Each structure stands twice: as C-alpha cells, then as structure tokens.
file my_file.txt (compact mmCIF, C-alpha atoms)
# COMPACT_ATOMS: atom_id res chain seq x y z
CA MET A 580 -42.03 -14.05 3.32
CA GLY A 581 -43.96 -12.30 6.05
CA ARG A 582 -44.85 -9.10 4.17
CA ARG A 583 -48.31 -7.69 4.74
CA PHE A 584 -50.65 -7.27 1.79
CA ASP A 585 -51.21 -3.72 3.07
CA GLY A 586 -47.95 -3.00 1.30
CA PRO A 587 -44.26 -2.43 1.69
CA ARG A 588 -44.49 0.94 3.44
CA GLY A 589 -47.13 0.52 6.09
CA ALA A 590 -50.03 2.97 6.33
CA ALA A 591 -48.99 4.83 3.18
CA TYR A 592 -49.83 1.69 1.24
CA ASN A 593 -52.81 0.60 3.30
CA ARG A 594 -55.75 0.18 0.96
CA ALA A 595 -57.98 2.23 3.25
CA SER A 596 -55.66 5.22 2.82
CA LEU A 597 -55.75 5.16 -0.97
CA LYS A 598 -57.97 7.20 -3.25
CA THR A 599 -61.12 5.19 -3.94
CA ALA A 600 -64.20 5.79 -6.03
CA THR A 601 -66.17 8.73 -4.71
CA SER A 602 -67.34 10.60 -7.81
CA PRO A 603 -70.67 9.59 -9.37
CA VAL A 604 -70.44 7.38 -12.44
CA SER A 605 -73.18 6.13 -14.74
CA LEU A 606 -74.21 2.49 -14.71
CA HIS A 607 -73.48 2.34 -18.45
CA ARG A 608 -69.87 3.47 -17.99
CA ALA A 609 -69.35 1.18 -15.01
CA LEU A 610 -70.63 -1.80 -17.00
CA GLY A 611 -68.21 -0.94 -19.82
CA LEU A 612 -65.29 -0.86 -17.40
CA TYR A 613 -66.35 -4.19 -15.94
CA ARG A 614 -66.58 -5.71 -19.42
CA THR A 615 -63.02 -4.65 -20.21
CA MET A 616 -61.78 -6.23 -16.98
CA ALA A 617 -63.72 -9.41 -17.73
CA LEU A 618 -62.17 -9.59 -21.20
CA ILE A 619 -58.67 -9.18 -19.82
CA ARG A 620 -59.26 -11.81 -17.13
CA ALA A 621 -60.69 -14.31 -19.60
CA PHE A 622 -57.79 -13.69 -21.97
CA GLU A 623 -55.16 -14.15 -19.28
CA ASN A 624 -56.79 -17.34 -18.01
CA ALA A 625 -56.83 -18.79 -21.52
CA ALA A 626 -53.27 -17.72 -22.26
CA GLU A 627 -52.08 -19.21 -18.97
CA GLU A 628 -53.59 -22.59 -19.81
CA ALA A 629 -52.17 -22.44 -23.32
CA SER A 630 -48.70 -21.70 -22.00
CA ARG A 631 -48.88 -24.79 -19.84
CA GLY A 632 -50.21 -27.02 -22.62
CA GLY A 633 -53.68 -27.29 -21.08
CA VAL A 634 -56.20 -29.49 -22.87
CA ALA A 635 -59.13 -27.08 -22.98
CA VAL A 636 -60.07 -23.49 -22.31
CA PHE A 637 -63.75 -22.49 -22.39
CA GLY A 638 -64.46 -25.55 -24.52
CA ALA A 639 -61.77 -24.86 -27.14
CA SER A 640 -59.20 -27.60 -27.69
CA LEU A 641 -55.64 -26.61 -26.99
CA SER A 642 -53.96 -29.88 -27.83
CA ASP A 643 -51.95 -28.20 -30.60
CA ALA A 644 -52.03 -24.63 -29.30
CA LYS A 645 -49.35 -23.33 -26.99
CA VAL A 646 -48.11 -19.85 -26.31
CA ARG A 647 -44.65 -19.41 -27.78
CA GLY A 648 -42.06 -17.97 -25.43
CA PRO A 649 -42.35 -16.52 -21.91
CA LEU A 650 -45.75 -15.39 -20.70
CA HIS A 651 -46.09 -12.69 -18.03
CA LEU A 652 -49.67 -12.48 -16.76
CA SER A 653 -51.48 -9.41 -15.45
CA THR A 654 -54.17 -11.39 -13.64
CA GLY A 655 -55.43 -9.30 -10.73
CA GLN A 656 -54.28 -6.00 -12.26
CA GLU A 657 -57.19 -5.55 -14.70
CA ALA A 658 -58.57 -2.37 -13.13
CA VAL A 659 -55.52 -0.28 -14.08
CA PRO A 660 -55.59 -0.65 -17.88
CA ALA A 661 -59.39 -0.66 -17.94
CA GLY A 662 -59.74 2.49 -15.88
CA VAL A 663 -56.96 4.41 -17.64
CA CYS A 664 -57.67 3.49 -21.26
CA ALA A 665 -61.37 4.29 -20.92
CA ASN A 666 -60.30 7.94 -20.90
CA LEU A 667 -58.23 7.81 -24.09
CA LEU A 668 -59.14 8.89 -27.60
CA PRO A 669 -58.46 6.70 -30.65
CA GLY A 670 -55.47 8.83 -31.65
CA ASP A 671 -53.84 8.65 -28.22
CA GLN A 672 -50.97 6.22 -27.77
CA ILE A 673 -49.68 3.90 -25.08
CA THR A 674 -46.48 2.04 -24.29
CA SER A 675 -46.53 -1.12 -22.25
CA THR A 676 -44.40 -3.66 -20.41
CA HIS A 677 -43.56 -7.35 -20.61
CA ARG A 678 -46.88 -7.79 -18.74
CA GLY A 679 -48.91 -5.99 -21.37
CA HIS A 680 -51.85 -8.05 -22.64
CA GLY A 681 -54.29 -6.04 -20.52
CA HIS A 682 -53.01 -2.71 -21.83
CA THR A 683 -53.25 -3.98 -25.40
CA ILE A 684 -56.83 -5.17 -25.00
CA ALA A 685 -57.97 -2.09 -23.08
CA LYS A 686 -56.64 0.18 -25.85
CA GLY A 687 -58.94 -1.60 -28.30
CA ALA A 688 -56.74 -4.18 -29.99
CA SER A 689 -58.39 -7.29 -31.40
CA ILE A 690 -58.64 -10.23 -29.02
CA GLU A 691 -58.04 -12.60 -31.92
CA GLY A 692 -55.01 -10.69 -33.19
CA THR A 693 -53.55 -10.63 -29.70
CA MET A 694 -54.03 -14.37 -29.18
CA CYS A 695 -52.61 -15.19 -32.62
CA GLU A 696 -49.50 -13.19 -31.78
CA LEU A 697 -49.04 -15.08 -28.51
CA PHE A 698 -49.39 -18.35 -30.42
CA GLY A 699 -46.68 -17.25 -32.86
CA ARG A 700 -49.03 -17.36 -35.86
CA ALA A 701 -48.70 -15.42 -39.10
CA THR A 702 -52.01 -13.64 -38.45
CA GLY A 703 -50.76 -12.06 -35.23
CA PHE A 704 -50.24 -8.29 -35.13
CA ASN A 705 -46.52 -8.75 -35.66
CA GLY A 706 -46.63 -11.86 -37.78
CA GLY A 707 -45.97 -14.02 -34.74
CA LYS A 708 -42.53 -12.49 -34.23
CA GLY A 709 -43.26 -10.25 -31.26
CA GLY A 710 -45.06 -12.74 -29.08
CA SER A 711 -46.26 -11.81 -25.63
CA MET A 712 -43.42 -9.52 -24.53
CA HIS A 713 -43.15 -7.43 -27.70
CA ILE A 714 -46.69 -7.21 -28.95
CA ALA A 715 -47.74 -3.99 -30.69
CA ASP A 716 -50.71 -2.69 -32.66
CA PHE A 717 -50.05 0.74 -34.12
CA SER A 718 -53.57 0.86 -35.59
CA VAL A 719 -54.99 1.48 -32.13
CA GLY A 720 -52.02 3.47 -30.81
CA MET A 721 -50.43 0.59 -28.93
CA LEU A 722 -46.73 1.32 -29.55
CA GLY A 723 -45.49 -1.87 -28.03
CA ALA A 724 -44.82 -4.02 -25.02
CA ASN A 725 -41.19 -4.36 -24.04
CA GLY A 726 -39.10 -7.08 -22.48
CA VAL A 727 -36.67 -4.56 -20.98
CA VAL A 728 -37.80 -3.04 -17.68
CA ALA A 729 -38.43 0.73 -18.01
CA ALA A 730 -37.70 0.70 -21.75
CA GLY A 731 -41.21 1.90 -22.57
CA ILE A 732 -40.61 5.17 -20.73
CA PRO A 733 -38.24 6.81 -23.25
CA ILE A 734 -40.36 5.45 -26.11
CA ALA A 735 -43.44 7.15 -24.66
CA VAL A 736 -41.58 10.39 -24.08
CA GLY A 737 -40.18 10.24 -27.60
CA ALA A 738 -43.67 9.73 -29.02
CA ALA A 739 -44.95 12.70 -27.02
CA GLN A 740 -41.99 14.81 -28.18
CA ALA A 741 -42.79 13.88 -31.79
CA ALA A 742 -46.43 14.90 -31.30
CA ARG A 743 -45.28 18.24 -29.90
CA VAL A 744 -42.98 18.88 -32.86
CA LEU A 745 -45.73 17.94 -35.31
CA GLY A 746 -48.30 20.09 -33.53
CA ARG A 747 -50.59 17.22 -32.63
CA ASP A 748 -52.84 17.33 -29.58
CA THR A 749 -52.64 13.61 -28.79
CA LEU A 750 -51.25 12.30 -25.52
CA VAL A 751 -49.28 9.23 -24.55
CA VAL A 752 -49.86 6.92 -21.59
CA CYS A 753 -46.78 5.11 -20.34
CA PHE A 754 -47.45 1.98 -18.27
CA PHE A 755 -44.59 0.55 -16.21
CA GLY A 756 -44.13 -1.48 -13.05
CA ASP A 757 -42.77 -0.52 -9.64
CA GLY A 758 -39.42 -2.11 -10.44
CA ALA A 759 -38.94 0.42 -13.26
CA ILE A 760 -38.61 3.37 -10.88
CA ASN A 761 -35.18 2.09 -9.87
CA ARG A 762 -33.84 2.25 -13.41
CA GLY A 763 -32.24 5.16 -15.24
CA PRO A 764 -34.94 5.68 -17.92
CA PHE A 765 -37.40 6.63 -15.17
CA LEU A 766 -35.41 9.70 -14.14
CA GLU A 767 -34.43 10.57 -17.69
CA GLY A 768 -37.92 10.16 -19.08
CA LEU A 769 -39.77 12.12 -16.40
CA ASN A 770 -37.17 14.86 -16.45
CA TRP A 771 -37.42 15.29 -20.23
CA ALA A 772 -41.23 15.22 -20.17
CA ARG A 773 -41.33 17.89 -17.45
CA VAL A 774 -38.72 20.17 -19.02
CA TYR A 775 -40.58 20.19 -22.34
CA GLY A 776 -44.09 20.08 -20.87
CA LEU A 777 -45.00 16.94 -22.80
CA ARG A 778 -48.44 15.38 -22.86
CA VAL A 779 -47.61 12.15 -21.03
CA LEU A 780 -49.45 10.29 -18.30
CA PHE A 781 -46.99 8.09 -16.44
CA VAL A 782 -48.78 5.14 -14.85
CA CYS A 783 -46.88 3.11 -12.26
CA GLU A 784 -48.69 -0.21 -12.02
CA ASP A 785 -47.36 -1.08 -8.58
CA ASN A 786 -47.89 -4.82 -8.07
CA ARG A 787 -45.37 -5.01 -5.16
CA TRP A 788 -43.02 -7.51 -6.79
CA SER A 789 -40.02 -7.11 -9.11
CA ALA A 790 -39.69 -10.58 -10.61
CA THR A 791 -39.00 -12.71 -7.52
CA THR A 792 -38.00 -9.91 -5.14
CA ALA A 793 -40.31 -7.74 -3.05
CA THR A 794 -39.90 -4.24 -4.46
CA ASP A 795 -39.68 -2.51 -1.08
CA ALA A 796 -36.52 -4.50 -0.30
CA MET A 797 -34.64 -2.56 -2.98
CA THR A 798 -36.46 0.78 -3.16
CA ALA A 799 -35.32 3.71 -1.03
CA GLY A 800 -37.29 6.79 -0.09
CA GLY A 801 -40.98 7.49 -0.42
CA GLY A 802 -41.58 5.46 -3.54
CA ALA A 803 -42.91 6.15 -7.03
CA LEU A 804 -45.08 9.22 -6.49
CA ALA A 805 -42.52 10.91 -4.23
CA ARG A 806 -39.90 10.55 -6.95
CA ALA A 807 -42.26 11.97 -9.58
CA ARG A 808 -43.07 14.96 -7.38
CA ALA A 809 -39.36 15.55 -6.82
CA LEU A 810 -39.19 16.23 -10.56
CA ASP A 811 -42.21 18.54 -10.35
CA VAL A 812 -44.52 16.01 -11.99
CA PRO A 813 -47.84 16.17 -10.07
CA GLY A 814 -49.84 13.02 -9.54
CA LEU A 815 -52.24 10.89 -7.55
CA GLU A 816 -52.03 7.63 -5.65
CA VAL A 817 -55.03 5.38 -6.18
CA ASP A 818 -56.43 2.00 -5.23
CA GLY A 819 -55.44 0.11 -8.37
CA ASN A 820 -57.94 -2.67 -7.66
CA ASP A 821 -60.94 -0.31 -7.78
CA VAL A 822 -61.68 0.36 -11.45
CA LEU A 823 -63.99 3.29 -10.70
CA ALA A 824 -61.27 4.93 -8.61
CA VAL A 825 -58.70 4.41 -11.37
CA ASP A 826 -61.17 5.78 -13.94
CA ALA A 827 -61.83 8.92 -11.88
CA ALA A 828 -58.16 9.56 -11.11
CA ALA A 829 -57.07 9.00 -14.71
CA ALA A 830 -59.87 11.26 -15.97
CA ALA A 831 -58.73 14.09 -13.70
CA LEU A 832 -55.07 13.78 -14.63
CA ILE A 833 -55.73 13.41 -18.36
CA ALA A 834 -57.95 16.50 -18.30
CA GLU A 835 -55.06 18.47 -16.79
CA ILE A 836 -52.67 17.16 -19.45
CA ARG A 837 -55.06 18.03 -22.30
CA ALA A 838 -55.46 21.51 -20.83
CA GLY A 839 -51.72 22.07 -21.22
CA GLY A 840 -50.59 21.24 -17.70
CA GLY A 841 -47.69 19.06 -18.78
CA PRO A 842 -46.99 15.48 -17.65
CA ARG A 843 -48.84 13.82 -14.81
CA PHE A 844 -48.26 10.69 -12.71
CA LEU A 845 -50.67 7.99 -11.53
CA HIS A 846 -49.47 5.58 -8.87
CA ALA A 847 -51.88 2.63 -8.88
CA ILE A 848 -51.43 0.17 -6.00
CA THR A 849 -52.41 -3.34 -7.05
CA TYR A 850 -51.03 -6.86 -6.67
CA ARG A 851 -49.59 -9.55 -8.91
CA VAL A 852 -51.51 -12.67 -7.91
CA LYS A 853 -49.64 -14.94 -10.31
CA GLY A 854 -45.95 -15.74 -10.47
CA HIS A 855 -43.47 -13.72 -12.50
CA VAL A 856 -44.18 -15.95 -15.50
CA SER A 857 -47.02 -18.38 -16.09
CA VAL A 858 -45.02 -21.43 -15.02
CA ASP A 859 -43.70 -19.76 -11.86
CA ALA A 860 -45.32 -21.19 -8.73
CA ALA A 861 -44.14 -18.13 -6.76
CA ALA A 862 -43.05 -20.20 -3.77
CA TYR A 863 -41.03 -17.19 -2.58
CA ARG A 864 -44.26 -15.52 -1.39
CA ALA A 865 -46.24 -16.27 1.74
CA GLN A 866 -49.56 -17.89 0.89
CA ASP A 867 -51.48 -15.75 3.38
CA GLU A 868 -50.24 -12.65 1.56
CA VAL A 869 -51.68 -13.96 -1.71
CA SER A 870 -54.90 -14.99 0.02
CA ARG A 871 -55.41 -11.49 1.37
CA ALA A 872 -54.72 -10.06 -2.08
CA LEU A 873 -57.34 -12.32 -3.66
CA GLU A 874 -59.93 -10.84 -1.33
CA GLN A 875 -59.33 -7.53 -3.14
CA ASP A 876 -59.83 -8.98 -6.63
CA PRO A 877 -60.67 -6.12 -9.05
CA LEU A 878 -63.60 -8.04 -10.51
CA LEU A 879 -65.04 -8.67 -7.05
CA ILE A 880 -64.69 -5.00 -6.14
CA GLY A 881 -66.12 -4.00 -9.51
CA ALA A 882 -69.10 -6.29 -9.06
CA GLY A 883 -69.78 -4.72 -5.67
CA ARG A 884 -69.63 -1.21 -7.14
CA LEU A 885 -71.98 -2.21 -9.95
CA THR A 886 -74.46 -3.85 -7.61
CA ALA A 887 -74.60 -0.60 -5.64
CA LEU A 888 -75.33 1.22 -8.91
CA GLY A 889 -78.24 -1.11 -9.68
CA ALA A 890 -76.68 -3.84 -11.84
CA SER A 891 -78.08 -7.33 -11.43
CA ALA A 892 -76.15 -10.53 -10.86
CA ALA A 893 -77.51 -11.78 -14.18
CA GLN A 894 -76.05 -8.76 -16.00
CA LEU A 895 -72.63 -9.34 -14.54
CA ALA A 896 -72.73 -13.07 -15.24
CA GLY A 897 -73.75 -12.30 -18.80
CA ILE A 898 -70.78 -9.97 -19.28
CA ARG A 899 -68.38 -12.60 -17.99
CA ALA A 900 -69.94 -15.28 -20.23
CA GLU A 901 -69.67 -13.02 -23.30
CA ALA A 902 -66.02 -12.31 -22.51
CA GLU A 903 -65.25 -16.01 -22.17
CA ALA A 904 -67.03 -16.75 -25.45
CA GLU A 905 -65.06 -14.05 -27.26
CA VAL A 906 -61.78 -15.39 -25.91
CA ALA A 907 -62.76 -18.97 -26.77
CA ALA A 908 -63.33 -17.86 -30.36
CA ALA A 909 -59.90 -16.22 -30.36
CA VAL A 910 -58.31 -19.43 -29.08
CA ARG A 911 -59.96 -21.42 -31.87
CA ALA A 912 -58.83 -18.89 -34.46
CA ALA A 913 -55.27 -18.90 -33.15
CA THR A 914 -55.18 -22.68 -33.10
CA ALA A 915 -56.27 -22.82 -36.75
CA ALA A 916 -54.17 -19.90 -37.96
CA PRO A 917 -51.19 -20.59 -40.24
CA TRP A 918 -47.60 -20.56 -39.10
CA PRO A 919 -45.34 -17.90 -40.63
CA GLU A 920 -43.54 -18.86 -43.82
CA PRO A 921 -39.83 -19.58 -43.24
CA ALA A 922 -38.91 -16.70 -45.53
CA ALA A 923 -40.63 -14.30 -43.13
CA ALA A 924 -37.65 -14.73 -40.82
CA TYR A 925 -35.71 -12.48 -43.19
CA THR A 926 -38.23 -9.64 -43.21
CA ASP A 927 -38.56 -6.79 -40.70
CA ILE A 928 -34.82 -6.84 -40.04
CA GLN A 929 -32.06 -4.36 -40.65
CA ASP A 930 -31.13 -3.86 -44.29
CA THR A 931 -27.41 -3.27 -44.69
CA GLY A 932 -28.05 -1.50 -47.98
CA ALA A 933 -26.65 -4.33 -50.05
CA GLY A 934 -30.01 -6.01 -50.48
CA ARG A 935 -29.16 -8.85 -48.14
CA TRP A 936 -29.20 -9.59 -44.45
CA GLU A 937 -25.84 -9.74 -42.75
call {"tool": "encode", "arguments": {"input": "my_file.txt", "output": "structure tokens"}}
result
Amino acid sequence: MGRRFDGPRGAAYNRASLKTATSPVSLHRALGLYRTMALIRAFENAAEEASRGGVAVFGASLSDAKVRGPLHLSTGQEAVPAGVCANLLPGDQITSTHRGHGHTIAKGASIEGTMCELFGRATGFNGGKGGSMHIADFSVGMLGANGVVAAGIPIAVGAAQAARVLGRDTLVVCFFGDGAINRGPFLEGLNWARVYGLRVLFVCEDNRWSATTATDAMTAGGGALARARALDVPGLEVDGNDVLAVDAAAAALIAEIRAGGGPRFLHAITYRVKGHVSVDAAAYRAQDEVSRALEQDPLLIGAGRLTALGASAAQLAGIRAEAEAEVAAAVRAATAAPWPEPAAAYTDIQDTGAGRWE
C-alpha cells in the first residue's frame, strides 16, 4: 500500500533515470503521435462507460449498449503503443495482451470495428466472438489479443519464424506486461528468437501491477531488461509515459532489427491508472500512488512536448475533440449494429471431419 510511484526498485525505476526524449522530432510527427494517444484515450473512456452501463458518452446514448465480457483498460499507457507502432510498416505484425485496445488502434485497426467487437456485434472484427480480450484484425497485422498472460510471446515468435522460413523481411512486435516475465513463455520465446536471430521487438509494457498484486513483490532479480540481456537480447529502458521517448527508442531498436541484428527488447515504464478490469475500484492501491502517477499522464507530457515544438493549445484541443467525435461515431455504430445470428455460434470452431460439431 505504501509503494512509491518511482517504482518497485528504487532509483533504477525513478522516472528521472529513464531514457526520455532527446532527439529532434518534427512537429508533424509529434502531432500524429499525440493524435494516436488521444484516440486511444477517448476509446478507453467510452468503453469504460459502456462496460458500466453508462447513459452517455460524448453525446451518444448507451442505454442499450454495453461491452460484453471483461474489459481491461490501458488508460494511462497510451504512449507505448503510439510510440512503437508509429515505426511499423503495414506488413509488420503485432501480438497483444488482454489489455490490447491501444495496440489494436495504434496498428491502424478501425475504431468502429474495434468498438463493435467489444459490443459483441456481428460487424466486429471477429463477428463479436472475440470481444475485448481476444480481438484481432489480420488485415492490419494485428494477430490478436490474448486472455492468457504471456501467451502472445510464442505467437509472435512463431510469426517471426514463419516470416524467416518464407523469406519475408517483415518484423513482429510482441507487447506484454511485466507480469509476463515470470511465466515460462517469456524464457522460451526470447531464447528461440535469439537462437534463430528472428526479427522480433519484445515490448514489456511495465505498468507495475499484475492484476491486484504489485509486480515487484513477486519478481526476483533486476527485472525485465536484465532477464532479456541474460539471453543476449539487447534492449533499452525508456520512460513509457513520454511518447517521443518511446518513439525514439523504438525507432532505434527497430532499425537494428531490420538491419539483421536479431531480436531486441524495449522496457517501457508506465503505470496502470485504472483497476485490473473496468469495474475494479483498485482499493488495494494507495491513493497517493495513483495521484502521483496521474501527474505523469502521457497526454499531459505529450502536450508539454508539443507546446515546446510550437503547437498551440487550440491545435491540441482540436485533436482531442476530433478523437472524441470519431469514438462517438463508433459508439453509435456499435449500438445500432446487428447481433450475430444464432447459427454463427457453430462457425469458426473445430471441424471433426464428419461435417458436424462435436
């Protein structure tokens, strides 16, 4: 309850000691990164209200629109997907986590398709069957969120292995949380990627909490990046709330991967400002810890960076308003979208070969 926001391992996690934005960046690129963060934030806010049965989000009625199933929000973590995915090509692929809306949106998936999937509608990417925790959009290279912690790691490595066999020059970004480094697929996946020199960027989105337990209470040693380096996977530790810092670090690591350097690791220190799921009040955390975290909101830091680059308050307000309008339209579309036909329950399942489901 008394943990410092500086992090579970003292000075090593102190925000001042992390890699921050130092390289020059154009105003145009910075505005694009800010827009992606604004879209993710607006989406998460709307989805949170919908999961609680709220009456309105950005003017769109939600009386009949509720998210189906558990909802894990990435509010406060927007800089990581925005900064990483800005460096990807259309053919590149990503794997995600149960907290994956931001990754999906940053990779270019439709806001409307994403919202429809959360609402369980037939027009969702997966026909309403995947929902929040198992959303996927192969058309933009989003190979799927996953309800099993660390399960995206072997999927990403497998996708990179397939690209190697097929002679493709695409790369795969694997997003996972800090809790995943204590599971077997982490060791197995990084080891395989290093042995075969696969084109994978492993991104540990370190939000300090594993469900309702502080991660440092069950993590030995030097943490995520130390474990990666022990497997000879080079990497960087970055302030995951500074989108320009994430962008610069991801750009450097991805350039090394594309040049044939093998897998790389990005340890992005951020914070989960919401509970484990949308209806979790997170009473297990000290309020002053959350308050300190909110002072490092990625959108606040991004706005400060943009102001220094010459952006006006009106520009930033306009970006946020456009993002909210786009999400409001997605909410309306999802509310009006049809439910799946009952017969759809018997599609996309294993065929025993007898022409029937058993």
call {"tool": "closest_residue", "arguments": {"input": "my_file.txt", "among": "A:Val858, A:Leu610, A:Ala838, A:Leu804", "to": "Glu628 of chain A", "atoms": "all atoms listed in the file"}}
result
A:Val858
call {"tool": "atom_distance", "arguments": {"input": "my_file.txt", "atom1": "atom CA of Gly720 of chain A", "atom2": "atom CA of Ala738 of chain A"}}
result
10.6 Å
call {"tool": "residues_around", "arguments": {"input": "my_file.txt", "residues": "Cys753 of chain A", "least_positions_apart": "3", "cutoff": "8 Å", "atoms": "all atoms listed in the file", "output": "MDAnalysis selection string"}}
result
chainID A and resid 673:675 731:732 735 779:782
call {"tool": "closest_residue", "arguments": {"input": "my_file.txt", "among": "A:Leu845, A:Ala729, A:Ile880, A:Ala887", "to": "Val825 of chain A", "atoms": "all atoms listed in the file"}}
result
A:Leu845
call {"tool": "residues_near_point", "arguments": {"input": "my_file.txt", "point": "(-52.7, -7.1, -25.4)", "cutoff": "12 Å", "atoms": "all atoms listed in the file", "output": "PyMOL selection string"}}
result
chain A and resi 615+618-620+622-623+626+650-653+657+660-661+673-697+703-704+709-716+719-725
